[in-house]
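Asker: Structure file work.cif (mmCIF, C-alpha atoms) right here:
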```cif
data_work
#
loop_
_atom_site.label_atom_id
_atom_site.label_comp_id
_atom_site.auth_asym_id
_atom_site.auth_seq_id
_atom_site.Cartn_x
_atom_site.Cartn_y
_atom_site.Cartn_z
CA MET A 219 -8.04 -10.32 -33.08
CA ASN A 220 -9.23 -7.22 -31.25
CA GLN A 221 -7.25 -5.76 -28.37
CA ARG A 222 -9.31 -7.58 -25.73
CA GLU A 223 -8.54 -10.93 -27.36
CA LEU A 224 -4.85 -10.05 -27.66
CA PHE A 225 -4.85 -8.94 -24.01
CA LEU A 226 -6.28 -12.25 -22.85
CA ARG A 227 -3.90 -14.25 -25.06
CA HIS A 228 -0.58 -12.49 -24.56
CA VAL A 229 -0.76 -10.65 -21.20
CA ALA A 230 -0.42 -13.15 -18.35
CA GLN A 231 -3.64 -13.28 -16.34
CA THR A 232 -3.95 -13.67 -12.59
CA SER A 233 -7.72 -14.12 -12.42
CA ASP A 234 -10.14 -16.04 -14.60
CA GLU A 235 -12.35 -12.97 -15.13
CA PRO A 236 -10.37 -9.70 -15.13
CA MET A 237 -12.43 -6.76 -13.78
CA LEU A 238 -15.49 -9.04 -13.49
CA GLY A 239 -15.64 -9.36 -17.25
CA VAL A 240 -15.88 -5.61 -17.92
CA ASP A 241 -13.46 -4.59 -20.68
CA ILE A 242 -11.50 -1.63 -19.33
CA ASN A 243 -9.24 -0.13 -22.02
CA ILE A 244 -7.95 3.19 -20.70
CA VAL A 245 -6.22 5.63 -23.06
CA LYS A 246 -5.92 8.66 -20.76
CA ALA A 247 -5.84 9.34 -17.04
CA GLU A 248 -5.80 12.73 -15.35
CA GLY A 249 -6.58 13.57 -11.75
CA SER A 250 -9.28 11.17 -10.55
CA SER A 251 -10.64 10.66 -14.08
CA LEU A 252 -9.94 7.76 -16.45
CA THR A 253 -11.01 7.79 -20.11
CA ASP A 254 -11.38 4.64 -22.20
CA VAL A 255 -10.91 4.00 -25.90
CA ASN A 256 -14.57 4.82 -26.56
CA GLY A 257 -14.44 8.16 -24.73
CA LYS A 258 -16.27 6.91 -21.65
CA THR A 259 -15.00 8.41 -18.40
CA TYR A 260 -14.64 6.73 -15.02
CA ILE A 261 -13.86 8.02 -11.54
CA ASP A 262 -10.92 6.10 -10.09
CA PHE A 263 -12.25 5.28 -6.63
CA ILE A 264 -9.27 3.10 -5.64
CA SER A 265 -6.28 5.08 -6.99
CA GLY A 266 -4.85 2.02 -8.72
CA ILE A 267 -4.82 0.27 -5.31
CA SER A 268 -3.65 3.31 -3.32
CA VAL A 269 -0.89 4.19 -5.80
CA SER A 270 -2.20 7.35 -7.47
CA SER A 271 -2.75 9.18 -4.20
CA ILE A 272 -2.22 12.58 -5.81
CA GLY A 273 -4.23 11.61 -8.87
CA HIS A 274 -3.08 10.51 -12.29
CA CYS A 275 -0.46 12.47 -14.25
CA HIS A 276 -0.11 15.24 -11.69
CA PRO A 277 1.61 18.10 -13.56
CA LYS A 278 4.37 18.47 -10.95
CA VAL A 279 5.17 14.76 -11.20
CA VAL A 280 5.09 14.83 -14.99
CA LYS A 281 7.44 17.83 -15.00
CA ALA A 282 9.85 16.12 -12.60
CA ILE A 283 9.87 12.98 -14.77
CA GLN A 284 10.52 14.99 -17.93
CA GLU A 285 13.31 17.05 -16.43
CA GLN A 286 15.10 14.11 -14.81
CA SER A 287 14.78 11.88 -17.88
CA GLU A 288 16.66 14.50 -19.88
CA ARG A 289 19.55 14.44 -17.39
CA PHE A 290 19.96 10.71 -16.72
CA MET A 291 17.65 7.80 -16.03
CA HIS A 292 19.67 4.85 -14.78
CA LEU A 293 23.02 4.65 -13.06
CA MET A 294 24.33 1.94 -10.79
CA VAL A 295 22.04 2.17 -7.78
CA TYR A 296 23.75 0.07 -5.09
CA GLY A 297 24.41 3.21 -3.07
CA GLU A 298 27.79 3.67 -4.73
CA TYR A 299 26.98 6.78 -6.80
CA ASN A 300 26.15 10.08 -5.11
CA GLN A 301 22.93 10.81 -6.98
CA LYS A 302 21.20 14.14 -6.39
CA PRO A 303 17.62 12.82 -6.83
CA GLN A 304 18.16 10.10 -4.23
CA VAL A 305 19.84 12.44 -1.77
CA GLU A 306 17.17 15.13 -2.09
CA TYR A 307 14.31 12.69 -1.70
CA ALA A 308 15.83 10.77 1.22
CA THR A 309 16.61 14.03 3.00
CA LEU A 310 13.06 15.33 2.55
CA LEU A 311 11.46 12.04 3.60
CA CYS A 312 13.62 11.66 6.70
CA SER A 313 12.84 15.25 7.72
CA GLN A 314 9.21 14.12 8.11
CA LEU A 315 10.07 11.05 10.22
CA PRO A 316 11.32 10.41 13.76
CA GLU A 317 15.06 10.85 14.26
CA GLN A 318 15.81 7.12 14.30
CA LEU A 319 14.21 6.59 10.87
CA ASN A 320 16.99 8.36 9.00
CA SER A 321 18.30 5.93 6.35
CA VAL A 322 16.43 4.98 3.17
CA TYR A 323 17.07 1.77 1.24
CA PHE A 324 15.37 2.14 -2.14
CA THR A 325 13.53 -0.70 -3.87
CA THR A 326 11.25 -0.98 -6.90
CA GLY A 327 8.15 -1.85 -4.89
CA GLY A 328 6.61 -3.10 -1.69
CA SER A 329 7.50 -6.79 -1.87
CA GLU A 330 11.19 -5.92 -2.31
CA ALA A 331 10.99 -3.64 0.73
CA VAL A 332 9.57 -6.53 2.78
CA GLU A 333 12.35 -8.84 1.57
CA ALA A 334 14.97 -6.28 2.57
CA ALA A 335 13.46 -5.92 6.03
CA VAL A 336 13.39 -9.68 6.66
CA LYS A 337 17.03 -10.02 5.60
CA LEU A 338 18.02 -7.04 7.73
CA ALA A 339 16.30 -8.49 10.79
CA LYS A 340 18.10 -11.81 10.40
CA ARG A 341 21.42 -10.06 9.84
CA VAL A 342 21.07 -7.73 12.82
CA THR A 343 19.69 -10.20 15.38
CA GLY A 344 21.24 -13.47 14.25
CA ARG A 345 17.78 -15.03 14.66
CA SER A 346 15.46 -16.66 12.13
CA GLU A 347 11.90 -16.43 13.47
CA ILE A 348 9.73 -13.83 11.72
CA ILE A 349 6.31 -13.11 13.21
CA SER A 350 3.40 -11.73 11.20
CA PHE A 351 -0.37 -11.70 11.65
CA GLN A 352 -3.48 -13.46 10.46
CA ASN A 353 -5.05 -11.79 7.42
CA ALA A 354 -1.86 -9.84 6.74
CA TYR A 355 -0.72 -9.09 3.20
CA HIS A 356 2.94 -8.25 2.59
CA GLY A 357 3.49 -9.22 -1.06
CA SER A 358 3.76 -12.24 -3.34
CA THR A 359 7.49 -13.01 -3.54
CA GLN A 360 8.64 -16.08 -1.65
CA GLY A 361 9.78 -14.27 1.48
CA ALA A 362 6.83 -11.89 1.59
CA LEU A 363 4.41 -14.71 0.82
CA SER A 364 5.80 -16.64 3.78
CA LEU A 365 4.52 -13.83 6.01
CA MET A 366 1.05 -13.76 4.48
CA GLY A 367 -1.74 -14.40 6.94
CA ASP A 368 -4.03 -16.43 4.67
CA GLU A 369 -3.39 -20.09 3.91
CA TYR A 370 -5.42 -20.20 0.67
CA PHE A 371 -2.93 -17.95 -1.11
CA LYS A 372 0.09 -19.82 0.27
CA ASN A 373 -0.67 -23.52 -0.02
CA SER A 374 0.06 -23.96 -3.73
CA PHE A 375 3.59 -22.58 -3.32
CA ARG A 376 4.92 -24.54 -0.39
CA PRO A 377 7.49 -25.14 0.95
CA LEU A 378 7.94 -21.50 1.86
CA ILE A 379 10.64 -19.95 4.03
CA PRO A 380 10.66 -21.69 7.44
CA GLY A 381 10.65 -20.00 10.81
CA GLY A 382 7.45 -18.00 10.46
CA ARG A 383 4.74 -17.66 13.08
CA LEU A 384 1.29 -16.09 12.76
CA LEU A 385 -0.29 -14.20 15.64
CA ARG A 386 -3.83 -12.89 15.95
CA PHE A 387 -4.25 -9.20 15.16
CA ASN A 388 -5.18 -7.03 18.18
CA ILE A 389 -5.10 -10.02 20.58
CA MET A 390 -2.99 -9.01 23.58
CA GLN A 391 -2.19 -12.50 24.90
CA ASP A 392 -0.46 -13.46 21.66
CA LEU A 393 2.28 -10.90 22.30
CA GLU A 394 3.79 -13.31 24.81
CA LEU A 395 4.80 -15.50 21.86
CA ILE A 396 7.39 -12.90 20.85
CA SER A 397 10.65 -14.13 22.34
CA GLU A 398 14.44 -13.93 22.26
CA GLN A 399 14.26 -16.20 19.19
CA THR A 400 12.23 -13.65 17.22
CA ALA A 401 14.15 -11.62 14.66
CA ALA A 402 11.30 -9.33 13.63
CA VAL A 403 7.60 -8.70 13.98
CA VAL A 404 6.12 -7.47 10.70
CA ILE A 405 2.73 -5.80 10.99
CA GLU A 406 0.38 -3.51 9.09
CA PRO A 407 -0.85 -0.88 11.56
CA ILE A 408 -3.95 -0.82 9.37
CA GLN A 409 -4.56 -4.19 7.74
CA GLY A 410 -5.39 -3.48 4.13
CA GLU A 411 -6.43 -6.71 2.43
CA ALA A 412 -8.23 -7.82 5.59
CA GLY A 413 -10.76 -5.10 4.74
CA VAL A 414 -9.31 -2.05 6.54
CA LYS A 415 -8.87 -3.39 10.06
CA LYS A 416 -7.26 -0.75 12.26
CA GLY A 417 -4.76 -1.70 14.91
CA ASP A 418 -5.72 -1.00 18.51
CA SER A 419 -3.48 1.72 19.98
CA PHE A 420 -2.93 -0.10 23.27
CA PHE A 421 -2.15 -3.33 21.41
CA LEU A 422 0.43 -1.64 19.17
CA GLN A 423 2.01 0.15 22.13
CA LYS A 424 2.36 -3.12 24.03
CA LEU A 425 3.75 -4.72 20.88
CA ARG A 426 6.40 -1.99 20.80
CA GLU A 427 7.24 -2.69 24.44
CA ARG A 428 7.49 -6.44 23.88
CA CYS A 429 9.78 -6.02 20.87
CA THR A 430 12.03 -3.71 22.88
CA GLU A 431 12.16 -6.22 25.76
CA THR A 432 13.22 -9.07 23.47
CA ASN A 433 15.52 -7.01 21.17
CA THR A 434 13.22 -7.83 18.27
CA LEU A 435 12.91 -5.48 15.31
CA LEU A 436 9.44 -3.99 14.93
CA VAL A 437 8.63 -3.56 11.23
CA PHE A 438 5.61 -1.51 10.17
CA ASP A 439 4.32 -2.28 6.69
CA GLU A 440 2.80 1.00 5.52
CA ILE A 441 2.93 0.11 1.85
CA GLN A 442 -0.82 0.74 1.53
CA SER A 443 -1.49 3.10 4.45
CA GLY A 444 1.39 5.51 3.98
CA PHE A 445 1.74 8.96 2.40
CA GLY A 446 -1.31 10.61 3.85
CA ARG A 447 -3.96 7.98 3.23
CA SER A 448 -4.65 7.34 6.92
CA GLY A 449 -5.18 11.02 7.73
CA ARG A 450 -1.60 11.36 8.92
CA LEU A 451 1.49 11.28 6.73
CA PHE A 452 2.14 7.77 8.08
CA ALA A 453 -0.28 5.63 10.05
CA PHE A 454 2.18 4.91 12.88
CA GLN A 455 1.64 8.54 13.90
CA LEU A 456 -1.96 7.65 14.81
CA PHE A 457 -0.81 5.27 17.53
CA ASP A 458 2.14 7.03 19.20
CA VAL A 459 4.34 4.08 18.22
CA ILE A 460 7.65 4.33 16.35
CA PRO A 461 8.78 1.19 14.50
CA ASP A 462 12.40 0.19 13.99
CA VAL A 463 11.74 -0.27 10.29
CA LEU A 464 9.18 1.43 8.06
CA LEU A 465 8.16 -0.10 4.71
CA ILE A 466 6.70 2.16 2.02
CA ALA A 467 5.69 1.97 -1.66
CA LYS A 468 2.38 2.40 -3.57
CA GLY A 469 1.54 6.08 -2.96
CA MET A 470 5.24 6.94 -2.87
CA GLY A 471 6.03 7.45 -6.54
CA GLY A 472 3.18 9.44 -8.02
CA GLY A 473 2.43 6.50 -10.29
CA LEU A 474 5.95 5.22 -10.95
CA PRO A 475 7.33 1.98 -9.43
CA ILE A 476 9.32 2.65 -6.27
CA GLY A 477 9.42 1.51 -2.66
CA ALA A 478 11.76 1.74 0.30
CA MET A 479 12.79 0.32 3.62
CA VAL A 480 13.50 3.09 6.13
CA ALA A 481 15.46 2.39 9.30
CA SER A 482 18.35 3.87 11.27
CA THR A 483 21.78 4.29 9.72
CA GLU A 484 23.05 1.94 12.42
CA LEU A 485 20.78 -0.80 11.13
CA THR A 486 21.16 -0.29 7.38
CA ARG A 487 24.96 -0.26 7.69
CA GLN A 488 24.73 -3.96 8.53
CA PHE A 489 24.28 -4.55 4.79
CA THR A 490 27.80 -3.22 4.15
CA ILE A 491 29.70 -5.99 5.94
CA TYR A 492 29.65 -9.78 6.21
CA PRO A 493 29.00 -9.71 3.30
CA VAL A 494 29.64 -6.50 1.44
CA LEU A 495 26.63 -5.69 -0.77
CA GLY A 496 24.50 -7.58 1.73
CA HIS A 497 21.37 -6.52 -0.11
CA ILE A 498 21.21 -5.15 -3.64
CA ASN A 499 18.78 -4.64 -6.48
CA THR A 500 19.21 -3.31 -9.99
CA PHE A 501 16.53 -0.63 -10.27
CA GLY A 502 15.85 0.51 -6.69
CA GLY A 503 16.35 4.26 -6.51
CA ASN A 504 16.09 4.79 -10.26
CA ALA A 505 16.61 8.51 -10.75
CA VAL A 506 13.38 9.15 -12.65
CA CYS A 507 11.29 7.22 -10.13
CA VAL A 508 12.94 9.04 -7.22
CA ALA A 509 12.37 12.42 -8.89
CA ALA A 510 8.70 11.51 -9.28
CA ALA A 511 8.56 10.42 -5.64
CA LYS A 512 10.01 13.71 -4.43
CA ALA A 513 7.53 15.69 -6.52
CA SER A 514 4.72 13.55 -5.13
CA LEU A 515 5.82 14.06 -1.52
CA ASP A 516 6.13 17.81 -2.16
CA VAL A 517 2.51 17.85 -3.35
CA ILE A 518 1.30 15.81 -0.36
CA LEU A 519 3.00 18.20 2.07
CA GLN A 520 2.24 21.47 0.30
CA GLU A 521 -1.42 20.65 -0.33
CA GLN A 522 -1.87 19.14 3.14
CA LEU A 523 -3.37 15.98 1.70
CA PRO A 524 -3.45 14.02 4.99
CA GLU A 525 -6.04 16.56 6.15
CA LYS A 526 -7.88 16.08 2.87
CA ALA A 527 -8.01 12.35 3.63
CA LEU A 528 -9.94 13.14 6.80
CA TRP A 529 -12.39 15.24 4.77
CA ILE A 530 -12.87 12.26 2.43
CA GLU A 531 -13.53 10.00 5.41
CA ASN A 532 -16.12 12.36 6.87
CA THR A 533 -17.86 12.80 3.51
CA VAL A 534 -18.02 9.06 2.84
CA ARG A 535 -19.37 8.36 6.33
CA GLU A 536 -21.98 11.07 5.97
CA LYS A 537 -23.27 10.04 2.54
CA LEU A 538 -22.80 6.28 2.22
CA LYS A 539 -25.83 5.11 4.18
CA HIS A 540 -28.09 2.30 3.03
CA PRO A 541 -29.79 -0.62 4.82
CA PHE A 542 -27.99 -3.03 2.48
CA ILE A 543 -24.61 -1.92 3.88
CA LYS A 544 -23.49 -4.27 6.63
CA ASP A 545 -20.49 -2.21 7.78
CA LEU A 546 -18.39 0.77 6.72
CA ARG A 547 -14.82 0.95 7.99
CA MET A 548 -12.83 4.07 7.19
CA VAL A 549 -9.39 5.24 8.29
CA GLY A 550 -8.81 8.48 6.45
CA ALA A 551 -9.21 7.83 2.74
CA LEU A 552 -8.90 4.06 3.04
CA GLY A 553 -12.22 2.33 3.42
CA ALA A 554 -14.11 -0.95 3.20
CA LEU A 555 -17.83 -1.01 2.37
CA GLU A 556 -19.03 -4.42 3.52
CA PHE A 557 -22.11 -6.33 2.37
CA ALA A 558 -23.73 -9.56 3.51
CA SER A 559 -22.06 -11.73 0.87
CA GLU A 560 -19.35 -11.85 -1.77
CA ALA A 561 -21.99 -12.21 -4.48
CA ILE A 562 -23.73 -8.98 -3.45
CA ASN A 563 -20.42 -7.14 -3.18
CA LYS A 564 -19.25 -8.18 -6.63
CA ALA A 565 -22.62 -7.35 -8.15
CA VAL A 566 -22.36 -3.83 -6.70
CA ILE A 567 -18.76 -3.44 -7.86
CA LYS A 568 -19.54 -4.60 -11.39
CA ALA A 569 -22.52 -2.25 -11.58
CA CYS A 570 -20.37 0.63 -10.34
CA ILE A 571 -17.70 -0.05 -12.97
CA GLU A 572 -20.30 -0.24 -15.71
CA ASN A 573 -21.67 3.11 -14.55
CA GLY A 574 -18.37 4.91 -14.29
CA VAL A 575 -16.82 4.25 -10.85
CA ILE A 576 -13.78 1.97 -10.58
CA SER A 577 -13.56 -0.19 -7.47
CA ASP A 578 -12.71 -3.75 -6.43
CA TRP A 579 -12.69 -5.98 -3.36
CA PHE A 580 -10.16 -7.15 -0.77
CA LEU A 581 -8.18 -10.39 -0.99
CA PHE A 582 -9.12 -11.54 2.51
CA CYS A 583 -12.46 -9.76 2.73
CA PRO A 584 -14.30 -10.46 -0.55
CA CYS A 585 -17.58 -9.21 0.92
CA ALA A 586 -16.23 -5.65 1.08
CA MET A 587 -15.79 -3.01 -1.63
CA ARG A 588 -12.60 -0.96 -1.61
CA ILE A 589 -12.75 2.82 -1.21
CA ALA A 590 -9.45 4.64 -1.74
CA PRO A 591 -9.84 7.65 -4.03
CA PRO A 592 -7.00 10.07 -4.80
CA LEU A 593 -6.42 12.28 -1.78
CA ASN A 594 -6.90 15.39 -3.92
CA ILE A 595 -10.16 14.24 -5.52
CA SER A 596 -12.51 17.16 -6.14
CA GLU A 597 -15.68 17.58 -4.11
CA LYS A 598 -17.64 17.25 -7.34
CA ASP A 599 -16.04 13.91 -8.28
CA LEU A 600 -16.30 12.51 -4.77
CA ASN A 601 -19.99 13.36 -4.51
CA LYS A 602 -20.67 12.01 -7.99
CA ALA A 603 -18.90 8.74 -7.19
CA LEU A 604 -20.84 8.32 -3.95
CA GLU A 605 -24.11 9.01 -5.74
CA ILE A 606 -23.32 6.30 -8.30
CA VAL A 607 -22.33 3.82 -5.59
CA LEU A 608 -25.53 4.43 -3.65
CA LYS A 609 -27.63 4.13 -6.80
CA GLN A 610 -26.05 0.79 -7.68
CA ILE A 611 -26.47 -0.52 -4.12
CA GLU A 612 -30.15 0.33 -4.34
CA ARG A 613 -30.45 -1.34 -7.74
CA VAL A 614 -28.69 -4.53 -6.58
CA SER A 615 -30.73 -4.60 -3.34
CA LYS A 616 -33.90 -5.01 -5.41
CA THR A 617 -32.54 -8.11 -7.15
CA LYS A 618 -31.21 -9.98 -4.08
#
```
Go ahead and express the file in the form of structure tokens.
Answerer:
Amino acid sequence: MNQRELFLRHVAQTSDEPMLGVDINIVKAEGSSLTDVNGKTYIDFISGISVSSIGHCHPKVVKAIQEQSERFMHLMVYGEYNQKPQVEYATLLCSQLPEQLNSVYFTTGGSEAVEAAVKLAKRVTGRSEIISFQNAYHGSTQGALSLMGDEYFKNSFRPLIPGGRLLRFNIMQDLELISEQTAAVVIEPIQGEAGVKKGDSFFLQKLRERCTETNTLLVFDEIQSGFGRSGRLFAFQLFDVIPDVLLIAKGMGGGLPIGAMVASTELTRQFTIYPVLGHINTFGGNAVCVAAAKASLDVILQEQLPEKALWIENTVREKLKHPFIKDLRMVGALGALEFASEAINKAVIKACIENGVISDWFLFCPCAMRIAPPLNISEKDLNKALEIVLKQIERVSKTK
């Protein structure tokens, strides 16, 4: 068997046609460039789903991984050991956040961060209702899946965790459904898998007010929008709204698996009593992953990558113009290029991949192509990618 056949046989699949049938076998990744086993290069136009925000194998991240791996890689990570990598990273991260977001609970990814937030909300409030929004994506574990705003992806796994309620995104009247029975409202300030739907500032501000009135925790899921992608370090800064809990992952680790729930010390201390070890995981805060995360955050801050995200947005808006494009939604370097149908979108995406630009679509918006390049992509690579995308749109438009 060749590697493709072994891949399909032994690596568990989650779609019936991975990458639309295009065999992607990458052997090297650097910056925004991927190279396959045959020497063909691709521009990564989605950053591994907003993970490689500072590009692949950034030298500062690689150095941090090498240096930390020579010291130690895994210790007990329940917050019992005073580990320098964790302390340095948490201190740096909190220095960039509002005063009340000063305590970091490390996880291995976004879904775990969501689970931690739901447990924390129930523990702190003594309530069980968790509110989320239609077309929201918060992860695929049982708790996170219970918050998902799309029934198609949930129905095969019921019964899920009870007590959930879905509201309509950006619909003011639905805020009245938040009550003294609500433990938490979990929301993406920019809905990712819905196809980059930005929250309305007035709506999010009124949501903050309603949560304060009802003593409900407001949880912002910035797993996809965080770390500079929105044009600010975190998207909540766009709206003049401070959540009680901030969830982060994806672009956090420079390519390594890590996530976190950030809240106040007052809130996170609730995990220390009734019961002790109220929330634990084995690998959250792994020293190598945290060292990579700190190096990544250093790069984002030092190279002013949130500002670079705005340059990416302006460039994409300026150059991606074609009558076949139904809509283009961009918030910083997170974008959705929408077409009239799913078939057209997937034809464009497949053609782009075949011609050297990696993209995909959104779970709840299959008519739209994802745009999320590394924040430090070169002008040359960005322009080349946009030229290829436009060329493939034109080619597909002549066949539809």
Asker: Please list, as a ChimeraX atom specification, the residues that have an atom at most 12 Å away from (-3.9, 4.8, 2.3) in the coordinates of this file, counting all atoms listed in the file.
Answerer: /A:264-272,406-411,414,416,439-453,466-470,523-524,526-528,530-531,548-554,588-593
Asker: Could you give me, as JSON lines, every stretch 528-596 of chain A residue with an atom at most 7 Å from stretch 608-618 of chain A, plus its closest atom pair and distance in Å to one decimal, counting all atoms listed in the file, rows ordered by chain then number?
Answerer:
```
{"residue": "A:Leu538", "atom": "CA", "partner": "A:Leu608", "partner_atom": "CA", "distance": 6.7}
{"residue": "A:Phe542", "atom": "CA", "partner": "A:Ser615", "partner_atom": "CA", "distance": 6.6}
{"residue": "A:Ala565", "atom": "CA", "partner": "A:Val614", "partner_atom": "CA", "distance": 6.9}
{"residue": "A:Val566", "atom": "CA", "partner": "A:Ile611", "partner_atom": "CA", "distance": 5.9}
{"residue": "A:Ala569", "atom": "CA", "partner": "A:Gln610", "partner_atom": "CA", "distance": 6.1}
{"residue": "A:Cys570", "atom": "CA", "partner": "A:Gln610", "partner_atom": "CA", "distance": 6.3}
```
Asker: Go ahead and dump the residues you just picked, C-alpha atoms, as a tab-separated table (two decimals), in the frame of the given file.
Answerer:
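The resulting file, out17.tsv, is shown below:
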```tsv
chain	number	residue	atom	x	y	z
A	538	LEU	CA	-22.80	6.28	2.22
A	542	PHE	CA	-27.99	-3.03	2.48
A	565	ALA	CA	-22.62	-7.35	-8.15
A	566	VAL	CA	-22.36	-3.83	-6.70
A	569	ALA	CA	-22.52	-2.25	-11.58
A	570	CYS	CA	-20.37	0.63	-10.34
```
Asker: Decode the PyMOL selection byres ((chain A and resi 480-485) around 7) for the given file into explicit residues and return them as a PyMOL selection string.
Answerer: chain A and resi 318-323+462-465+478-479+486-488
Asker: Can those selected residues be exported to a file as a short mmCIF file (atom, residue, chain, number, x, y, z; two decimals), in the coordinates of the input so that it contains C-alpha atoms?
Answerer:
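Below is the file out05.cif, written as the result:
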```
data_model
loop_
_atom_site.label_atom_id
_atom_site.label_comp_id
_atom_site.auth_asym_id
_atom_site.auth_seq_id
_atom_site.Cartn_x
_atom_site.Cartn_y
_atom_site.Cartn_z
CA GLN A 318 15.81 7.12 14.30
CA LEU A 319 14.21 6.59 10.87
CA ASN A 320 16.99 8.36 9.00
CA SER A 321 18.30 5.93 6.35
CA VAL A 322 16.43 4.98 3.17
CA TYR A 323 17.07 1.77 1.24
CA ASP A 462 12.40 0.19 13.99
CA VAL A 463 11.74 -0.27 10.29
CA LEU A 464 9.18 1.43 8.06
CA LEU A 465 8.16 -0.10 4.71
CA ALA A 478 11.76 1.74 0.30
CA MET A 479 12.79 0.32 3.62
CA THR A 486 21.16 -0.29 7.38
CA ARG A 487 24.96 -0.26 7.69
CA GLN A 488 24.73 -3.96 8.53
#
```
Asker: Please determine the residues with any atom at most 9 Å from (8.0, -8.4, -1.1) (coordinates as given in the file, with all atoms listed in the file counting) and report them as an NGL selection string.
Answerer: :A and (327-334 or 356-363)
Asker: Would you export the selected residues with C-alpha atoms as a CSV table (one decimal), in the coordinates of the input, please?
Answerer:
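Output file out.csv is given in full below:
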```csv
chain,number,residue,atom,x,y,z
A,327,GLY,CA,8.2,-1.8,-4.9
A,328,GLY,CA,6.6,-3.1,-1.7
A,329,SER,CA,7.5,-6.8,-1.9
A,330,GLU,CA,11.2,-5.9,-2.3
A,331,ALA,CA,11.0,-3.6,0.7
A,332,VAL,CA,9.6,-6.5,2.8
A,333,GLU,CA,12.4,-8.8,1.6
A,334,ALA,CA,15.0,-6.3,2.6
A,356,HIS,CA,2.9,-8.2,2.6
A,357,GLY,CA,3.5,-9.2,-1.1
A,358,SER,CA,3.8,-12.2,-3.3
A,359,THR,CA,7.5,-13.0,-3.5
A,360,GLN,CA,8.6,-16.1,-1.6
A,361,GLY,CA,9.8,-14.3,1.5
A,362,ALA,CA,6.8,-11.9,1.6
A,363,LEU,CA,4.4,-14.7,0.8
```
Asker: Would you mind reading off the distance between atom CA of A:Glu572 and atom CA of A:Val240, one decimal, in Å?
Answerer: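 Pair atom CA of A:Glu572 / atom CA of A:Val240 returns 7.3 Å.
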Asker: Could you tell me which residues the PyMOL selection byres ((chain A and resi 254) around 8) returns for this structure, as a PyMOL selection string?
Answerer: chain A and resi 242-246+252-253+255-259
Asker: Quick one: write out the picked residues with C-alpha atoms as a tab-separated table (two decimals), keeping the file's coordinate frame?
Answerer:
```tsv
chain	number	residue	atom	x	y	z
A	242	ILE	CA	-11.50	-1.63	-19.33
A	243	ASN	CA	-9.24	-0.13	-22.02
A	244	ILE	CA	-7.95	3.19	-20.70
A	245	VAL	CA	-6.22	5.63	-23.06
A	246	LYS	CA	-5.92	8.66	-20.76
A	252	LEU	CA	-9.94	7.76	-16.45
A	253	THR	CA	-11.01	7.79	-20.11
A	255	VAL	CA	-10.91	4.00	-25.90
A	256	ASN	CA	-14.57	4.82	-26.56
A	257	GLY	CA	-14.44	8.16	-24.73
A	258	LYS	CA	-16.27	6.91	-21.65
A	259	THR	CA	-15.00	8.41	-18.40
```
Asker: Mind pulling up the distance from atom CA of A:Glu223 to atom CA of A:Lys568?
Answerer: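 Between atom CA of A:Lys568 and atom CA of A:Glu223 the gap works out to 20.4 Å.
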Asker: If you apply the PyMOL selection byres ((chain A and resi 346) around 12) to this file, what residues do you get, as a PyMOL selection string?
Answerer: chain A and resi 336-345+347-349+379-383+397-403+434-435
Asker: Export, as a PDB file, in the frame of the given file, the selected residues with C-alpha atoms.
Answerer:
```pdb
ATOM      1  CA  VAL A 336      13.390  -9.680   6.660  1.00  0.00           C
ATOM      2  CA  LYS A 337      17.030 -10.020   5.600  1.00  0.00           C
ATOM      3  CA  LEU A 338      18.020  -7.040   7.730  1.00  0.00           C
ATOM      4  CA  ALA A 339      16.300  -8.490  10.790  1.00  0.00           C
ATOM      5  CA  LYS A 340      18.100 -11.810  10.400  1.00  0.00           C
ATOM      6  CA  ARG A 341      21.420 -10.060   9.840  1.00  0.00           C
ATOM      7  CA  VAL A 342      21.070  -7.730  12.820  1.00  0.00           C
ATOM      8  CA  THR A 343      19.690 -10.200  15.380  1.00  0.00           C
ATOM      9  CA  GLY A 344      21.240 -13.470  14.250  1.00  0.00           C
ATOM     10  CA  ARG A 345      17.780 -15.030  14.660  1.00  0.00           C
ATOM     11  CA  GLU A 347      11.900 -16.430  13.470  1.00  0.00           C
ATOM     12  CA  ILE A 348       9.730 -13.830  11.720  1.00  0.00           C
ATOM     13  CA  ILE A 349       6.310 -13.110  13.210  1.00  0.00           C
ATOM     14  CA  ILE A 379      10.640 -19.950   4.030  1.00  0.00           C
ATOM     15  CA  PRO A 380      10.660 -21.690   7.440  1.00  0.00           C
ATOM     16  CA  GLY A 381      10.650 -20.000  10.810  1.00  0.00           C
ATOM     17  CA  GLY A 382       7.450 -18.000  10.460  1.00  0.00           C
ATOM     18  CA  ARG A 383       4.740 -17.660  13.080  1.00  0.00           C
ATOM     19  CA  SER A 397      10.650 -14.130  22.340  1.00  0.00           C
ATOM     20  CA  GLU A 398      14.440 -13.930  22.260  1.00  0.00           C
ATOM     21  CA  GLN A 399      14.260 -16.200  19.190  1.00  0.00           C
ATOM     22  CA  THR A 400      12.230 -13.650  17.220  1.00  0.00           C
ATOM     23  CA  ALA A 401      14.150 -11.620  14.660  1.00  0.00           C
ATOM     24  CA  ALA A 402      11.300  -9.330  13.630  1.00  0.00           C
ATOM     25  CA  VAL A 403       7.600  -8.700  13.980  1.00  0.00           C
ATOM     26  CA  THR A 434      13.220  -7.830  18.270  1.00  0.00           C
ATOM     27  CA  LEU A 435      12.910  -5.480  15.310  1.00  0.00           C
TER      28      LEU A 435
END
```
Asker: With distances taken over all atoms listed in the file, which residue among A:Glu298, A:Glu427, A:Glu525, A:Asp262 lies nearest A:Ser577?
Answerer: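 So, comparing all the options, the nearest one is A:Asp262.
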